[in-house]
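S.K.: Structure: entry-v7.txt, compact mmCIF, C-alpha atoms.
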```txt
# COMPACT_ATOMS: atom_id res chain seq x y z
CA MET A 1 50.20 -35.71 26.60
CA ILE A 2 50.05 -39.50 26.34
CA LYS A 3 46.23 -39.42 26.45
CA SER A 4 46.11 -36.98 23.52
CA ILE A 5 48.47 -39.18 21.44
CA GLY A 6 46.24 -42.19 22.19
CA ALA A 7 43.19 -40.24 21.08
CA ILE A 8 44.95 -39.20 17.86
CA LEU A 9 45.98 -42.81 17.12
CA LYS A 10 42.44 -44.03 17.81
CA GLY A 11 41.04 -41.43 15.40
CA MET A 12 43.59 -42.36 12.72
CA TRP A 13 42.70 -46.06 13.14
CA THR A 14 39.00 -45.28 12.65
CA THR A 15 39.84 -43.30 9.51
CA PHE A 16 42.07 -46.09 8.20
CA LYS A 17 39.33 -48.73 8.71
CA SER A 18 36.73 -46.65 6.87
CA MET A 19 38.97 -46.31 3.80
CA PHE A 20 38.16 -49.90 2.81
CA GLU A 21 34.37 -49.67 3.24
CA GLY A 22 32.10 -48.99 0.29
CA PRO A 23 30.32 -45.68 -0.13
CA VAL A 24 26.88 -45.26 1.41
CA THR A 25 25.84 -42.41 -0.88
CA VAL A 26 22.64 -42.84 -2.90
CA GLN A 27 22.59 -41.09 -6.26
CA TYR A 28 19.20 -39.56 -5.56
CA PRO A 29 17.42 -38.58 -8.76
CA GLU A 30 18.47 -41.74 -10.59
CA GLU A 31 18.37 -44.13 -7.63
CA LYS A 32 15.65 -43.90 -4.99
CA ARG A 33 15.72 -45.65 -1.65
CA PRO A 34 12.57 -47.60 -0.76
CA VAL A 35 10.52 -46.04 2.01
CA ARG A 36 9.39 -47.79 5.17
CA THR A 37 5.97 -49.39 5.34
CA ARG A 38 4.72 -46.84 7.89
CA PHE A 39 5.96 -43.83 5.89
CA LYS A 40 3.37 -41.08 5.39
CA GLY A 41 3.87 -39.26 2.12
CA ARG A 42 1.71 -37.50 -0.47
CA HIS A 43 -2.07 -37.97 -0.13
CA GLU A 44 -4.07 -40.02 -2.63
CA LEU A 45 -7.82 -40.32 -3.15
CA LYS A 46 -8.71 -43.93 -3.99
CA ARG A 47 -11.32 -45.39 -6.34
CA TYR A 48 -13.31 -48.62 -6.38
CA ASP A 49 -12.55 -51.20 -9.07
CA ASN A 50 -15.43 -49.98 -11.22
CA GLY A 51 -14.06 -46.43 -11.33
CA LEU A 52 -16.32 -44.76 -8.76
CA GLU A 53 -14.58 -42.60 -6.19
CA LYS A 54 -14.46 -43.84 -2.60
CA CYS A 55 -14.85 -40.35 -1.11
CA ILE A 56 -18.45 -39.67 -0.08
CA GLY A 57 -17.89 -36.06 0.99
CA CYS A 58 -18.49 -36.62 4.70
CA SER A 59 -15.74 -34.13 5.75
CA LEU A 60 -14.56 -36.31 8.64
CA CYS A 61 -11.00 -35.97 7.35
CA ALA A 62 -11.27 -32.18 7.51
CA ALA A 63 -12.66 -32.38 11.04
CA ALA A 64 -9.83 -34.67 12.17
CA CYS A 65 -7.04 -32.55 10.65
CA PRO A 66 -5.24 -30.70 13.48
CA ALA A 67 -3.59 -28.27 11.03
CA ASP A 68 -6.89 -27.37 9.27
CA ALA A 69 -5.27 -28.23 5.93
CA ILE A 70 -8.23 -30.01 4.31
CA PHE A 71 -11.31 -28.42 2.76
CA VAL A 72 -14.21 -30.59 1.57
CA GLU A 73 -17.41 -29.41 -0.09
CA ALA A 74 -20.05 -32.06 -0.77
CA SER A 75 -22.64 -32.23 -3.55
CA GLU A 76 -25.49 -34.61 -4.26
CA ASN A 77 -25.08 -37.62 -6.56
CA SER A 78 -27.70 -38.60 -9.11
CA ASP A 79 -28.11 -41.74 -11.21
CA GLU A 80 -27.37 -39.73 -14.37
CA LYS A 81 -24.22 -38.12 -12.95
CA ARG A 82 -22.66 -40.39 -10.30
CA PHE A 83 -19.21 -39.85 -8.81
CA SER A 84 -19.36 -42.09 -5.72
CA PRO A 85 -21.64 -44.88 -4.51
CA GLY A 86 -23.18 -42.82 -1.71
CA GLU A 87 -25.74 -40.04 -1.69
CA ARG A 88 -23.03 -37.39 -1.83
CA TYR A 89 -19.56 -36.93 -3.27
CA ALA A 90 -16.79 -34.42 -2.69
CA SER A 91 -17.27 -31.81 -5.42
CA THR A 92 -14.38 -29.82 -3.94
CA TYR A 93 -11.55 -31.57 -2.14
CA GLU A 94 -8.43 -29.55 -1.40
CA ILE A 95 -5.39 -30.15 0.78
CA ASN A 96 -3.02 -27.29 1.52
CA MET A 97 0.30 -29.11 1.61
CA LEU A 98 2.05 -26.15 3.25
CA ARG A 99 -0.17 -26.61 6.30
CA CYS A 100 -0.23 -30.43 6.32
CA ILE A 101 1.86 -32.08 9.05
CA PHE A 102 1.48 -35.62 7.63
CA CYS A 103 0.03 -36.98 10.85
CA GLY A 104 -2.33 -39.43 9.16
CA TYR A 105 -5.42 -38.46 11.18
CA CYS A 106 -7.35 -37.89 7.93
CA GLU A 107 -6.57 -41.45 6.88
CA ASP A 108 -7.74 -42.81 10.25
CA ALA A 109 -10.97 -40.78 10.24
CA CYS A 110 -12.13 -41.77 6.75
CA PRO A 111 -14.95 -44.35 6.94
CA THR A 112 -14.53 -45.51 3.32
CA GLU A 113 -10.69 -45.54 3.29
CA ALA A 114 -10.78 -42.98 0.47
CA ILE A 115 -7.83 -40.84 1.58
CA VAL A 116 -4.50 -42.61 1.95
CA LEU A 117 -1.06 -41.24 2.65
CA GLY A 118 1.07 -42.85 -0.05
CA ASP A 119 4.80 -43.31 -0.46
CA ASN A 120 5.57 -40.33 -2.72
CA TYR A 121 7.95 -37.94 -0.94
CA GLU A 122 8.90 -35.70 -3.85
CA LEU A 123 6.92 -32.56 -3.08
CA SER A 124 8.18 -29.23 -4.35
CA PHE A 125 6.41 -25.96 -5.09
CA THR A 126 7.53 -22.74 -6.68
CA ASP A 127 4.53 -20.73 -5.46
CA ARG A 128 1.69 -21.06 -2.97
CA ALA A 129 -0.93 -21.97 -5.57
CA GLN A 130 0.95 -25.15 -6.49
CA SER A 131 0.88 -26.31 -2.87
CA ILE A 132 -2.91 -26.69 -2.86
CA TYR A 133 -3.68 -30.18 -4.11
CA THR A 134 -7.12 -30.39 -5.67
CA ARG A 135 -9.38 -33.40 -6.14
CA GLU A 136 -8.12 -33.91 -9.69
CA LYS A 137 -4.48 -34.00 -8.52
CA LEU A 138 -5.23 -36.40 -5.68
CA LEU A 139 -7.46 -38.92 -7.49
CA ASP A 140 -6.01 -42.25 -8.57
CA PRO A 141 -6.18 -43.02 -12.28
CA VAL A 142 -9.17 -45.03 -13.45
CA PRO A 143 -8.44 -48.77 -12.96
CA PRO A 144 -8.54 -51.12 -15.95
CA GLY A 145 -12.12 -52.12 -16.70
CA GLY A 146 -13.50 -49.14 -14.79
CA LYS A 147 -15.17 -46.02 -16.13
CA PRO A 148 -14.14 -42.45 -15.40
CA THR A 149 -16.39 -40.37 -13.15
CA PRO A 150 -19.06 -39.08 -13.51
CA GLN A 151 -20.89 -42.11 -14.88
CA LYS A 152 -24.51 -43.05 -15.48
CA VAL A 153 -25.77 -45.98 -13.42
CA GLN A 154 -28.98 -47.91 -13.02
CA PRO A 155 -31.49 -46.21 -10.70
CA GLY A 156 -31.37 -47.55 -7.14
CA LEU A 157 -28.15 -49.54 -7.71
CA TYR A 158 -26.17 -47.65 -5.06
CA ASP A 159 -28.27 -46.98 -1.99
CA ARG A 160 -25.52 -47.18 0.65
CA SER A 161 -22.33 -45.22 1.21
CA ILE A 162 -20.19 -48.37 1.38
CA PRO A 163 -21.89 -50.81 -0.99
CA VAL A 164 -21.05 -54.29 -2.08
CA MET A 165 -19.25 -53.19 -5.24
CA GLU A 166 -20.45 -54.90 -8.38
CA ASN A 167 -19.93 -53.69 -11.91
CA PRO A 168 -23.33 -52.62 -13.25
CA LYS A 169 -24.52 -54.23 -16.46
CA ASP A 170 -24.34 -51.84 -19.41
```
Show the structure stored in the file as structure tokens.
M.R.:
Amino acid sequence: MIKSIGAILKGMWTTFKSMFEGPVTVQYPEEKRPVRTRFKGRHELKRYDNGLEKCIGCSLCAAACPADAIFVEASENSDEKRFSPGERYASTYEINMLRCIFCGYCEDACPTEAIVLGDNYELSFTDRAQSIYTREKLLDPVPPGGKPTPQKVQPGLYDRSIPVMENPKD
């Protein structure tokens, strides 16, 4: 009996102490907590400073994905219609976010650091079609001073997949 009274008093003391502490609630839609540096959120396809896409369509990210959530189809670049600095670019790049487990293997496998798991955690879908993120949804906006893809470039300017990036003279 005495032990149960002691337990009750201890619980009441804990409750009394917490009455004077501030709330820890975050008002979510208006106020967002910062994420940790190692957080793996929504995927992003990066661009170089001149606007060309970093993805060269090698499909290593799709091969590394344990959930088979990534589909990449490559097409050939030309000097008249250039999307990336390499010989190829990803004409179709899709990630099924319902299958993705956010492991980050795609990010580790990418040789050009084109795919990055960002810090956006607000993912919601009302049907299955919205959960498939296409290349257009994943691509970063064109940086200031860059041109949108596709772009016309000088012949022979980009002969490597990971070039020394220089803005071509117009």
S.K.: Would you place a box with edges along x, y and z of the file around all atoms of range 120-126 of chain A listed there, add 5 Å to each of its six sides, and report the centre and edge lengths in Å to one decimal, as JSON?
M.R.:
```
{"center_x": 7.2, "center_y": -31.5, "center_z": -3.8, "size_x": 13.3, "size_y": 27.6, "size_z": 15.7}
```
S.K.: Considering only C-alpha atoms, can you say which of A:Phe39, A:Gly145, A:Ile70, A:Ile95 comes closest to Ala129 in chain A?
M.R.: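 Closest to Ala129 in chain A, using only C-alpha atoms: A:Ile95.
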S.K.: Taking a cut-off of 7 Å and counting all atoms listed in the file, can you build a table that, for each residue of range 96-125 of chain A near range 46-69 of chain A, reports the nearest atom pair and how far apart they are in Å (one decimal), sorted by chain then residue number, as a tab-separated table?
M.R.:
```
residue	atom	partner	partner_atom	distance
A:Asn96	CA	A:Ala69	CA	5.0
A:Arg99	CA	A:Ala69	CA	5.4
A:Cys100	CA	A:Ala69	CA	5.5
A:Ile101	CA	A:Ala67	CA	6.9
A:Tyr105	CA	A:Ala64	CA	5.9
A:Cys106	CA	A:Cys61	CA	4.2
A:Ala109	CA	A:Cys61	CA	5.6
A:Cys110	CA	A:Cys61	CA	5.9
A:Thr112	CA	A:Lys54	CA	6.2
A:Ala114	CA	A:Lys54	CA	4.9
A:Ile115	CA	A:Lys46	CA	6.4
```
S.K.: Residues near Val116 in chain A, anyone? I mean within 10 Å using only C-alpha atoms, not counting same-chain ones fewer than 2 positions away, as a PDB file with C-alpha atoms, in the coordinates of the input.
M.R.:
```pdb
ATOM      1  CA  LYS A  40       3.370 -41.080   5.390  1.00  0.00           C
ATOM      2  CA  GLY A  41       3.870 -39.260   2.120  1.00  0.00           C
ATOM      3  CA  ARG A  42       1.710 -37.500  -0.470  1.00  0.00           C
ATOM      4  CA  HIS A  43      -2.070 -37.970  -0.130  1.00  0.00           C
ATOM      5  CA  GLU A  44      -4.070 -40.020  -2.630  1.00  0.00           C
ATOM      6  CA  LEU A  45      -7.820 -40.320  -3.150  1.00  0.00           C
ATOM      7  CA  LYS A  46      -8.710 -43.930  -3.990  1.00  0.00           C
ATOM      8  CA  GLY A 104      -2.330 -39.430   9.160  1.00  0.00           C
ATOM      9  CA  CYS A 106      -7.350 -37.890   7.930  1.00  0.00           C
ATOM     10  CA  GLU A 107      -6.570 -41.450   6.880  1.00  0.00           C
ATOM     11  CA  ASP A 108      -7.740 -42.810  10.250  1.00  0.00           C
ATOM     12  CA  CYS A 110     -12.130 -41.770   6.750  1.00  0.00           C
ATOM     13  CA  GLU A 113     -10.690 -45.540   3.290  1.00  0.00           C
ATOM     14  CA  ALA A 114     -10.780 -42.980   0.470  1.00  0.00           C
ATOM     15  CA  GLY A 118       1.070 -42.850  -0.050  1.00  0.00           C
ATOM     16  CA  ASP A 119       4.800 -43.310  -0.460  1.00  0.00           C
ATOM     17  CA  LEU A 138      -5.230 -36.400  -5.680  1.00  0.00           C
TER      18      LEU A 138
END
```
S.K.: Go ahead and find all residues with at least one atom no further than 12 Å from (-17.1, -43.8, -10.7) in the file's coordinates, using all atoms listed in the file; report them as a ChimeraX atom specification.
M.R.: /A:46-56,77-86,89,139-143,145-153,158,165-168
S.K.: Would you work out the distance separating CA of Tyr121 in chain A from CA of Val26 in chain A, expressed in Å to one decimal?
M.R.: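 Taking CA of Tyr121 in chain A and CA of Val26 in chain A, their separation equals 15.6 Å.
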S.K.: Enter the distance from CA of Tyr133 in chain A to CA of Phe102 in chain A, in Å, rounded to one decimal.
M.R.: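 That distance, rounded to one decimal, is 13.9 Å.
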S.K.: Between A:Glu87, A:Glu94, A:Glu31, A:Glu21, single out the one closest to Val72 in chain A, counting all atoms listed in the file.
M.R.: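 Closest residue, counting all atoms listed in the file: A:Glu94.
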S.K.: What is the CA of Met1 in chain A-CA of Trp13 in chain A distance in Å, reported with one decimal?
M.R.: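 Here the two named atoms are 18.6 Å from each other.
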S.K.: May I have the residues within 7 Å of Tyr93 in chain A as a list of chain:residue names, using only C-alpha atoms and disregarding those fewer than 4 positions away in the same chain?
M.R.: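 Close residues of Tyr93 in chain A: A:Phe71, A:Val72, A:Glu73, A:Thr134, A:Arg135.
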S.K.: Write the residues you've just listed into a file as a PDB file, keeping the file's coordinate frame, and include C-alpha atoms for each of them.
M.R.:
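Everything below was put into out-v8.pdb:
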```pdb
ATOM      1  CA  PHE A  71     -11.310 -28.420   2.760  1.00  0.00           C
ATOM      2  CA  VAL A  72     -14.210 -30.590   1.570  1.00  0.00           C
ATOM      3  CA  GLU A  73     -17.410 -29.410  -0.090  1.00  0.00           C
ATOM      4  CA  THR A 134      -7.120 -30.390  -5.670  1.00  0.00           C
ATOM      5  CA  ARG A 135      -9.380 -33.400  -6.140  1.00  0.00           C
TER       6      ARG A 135
END
```
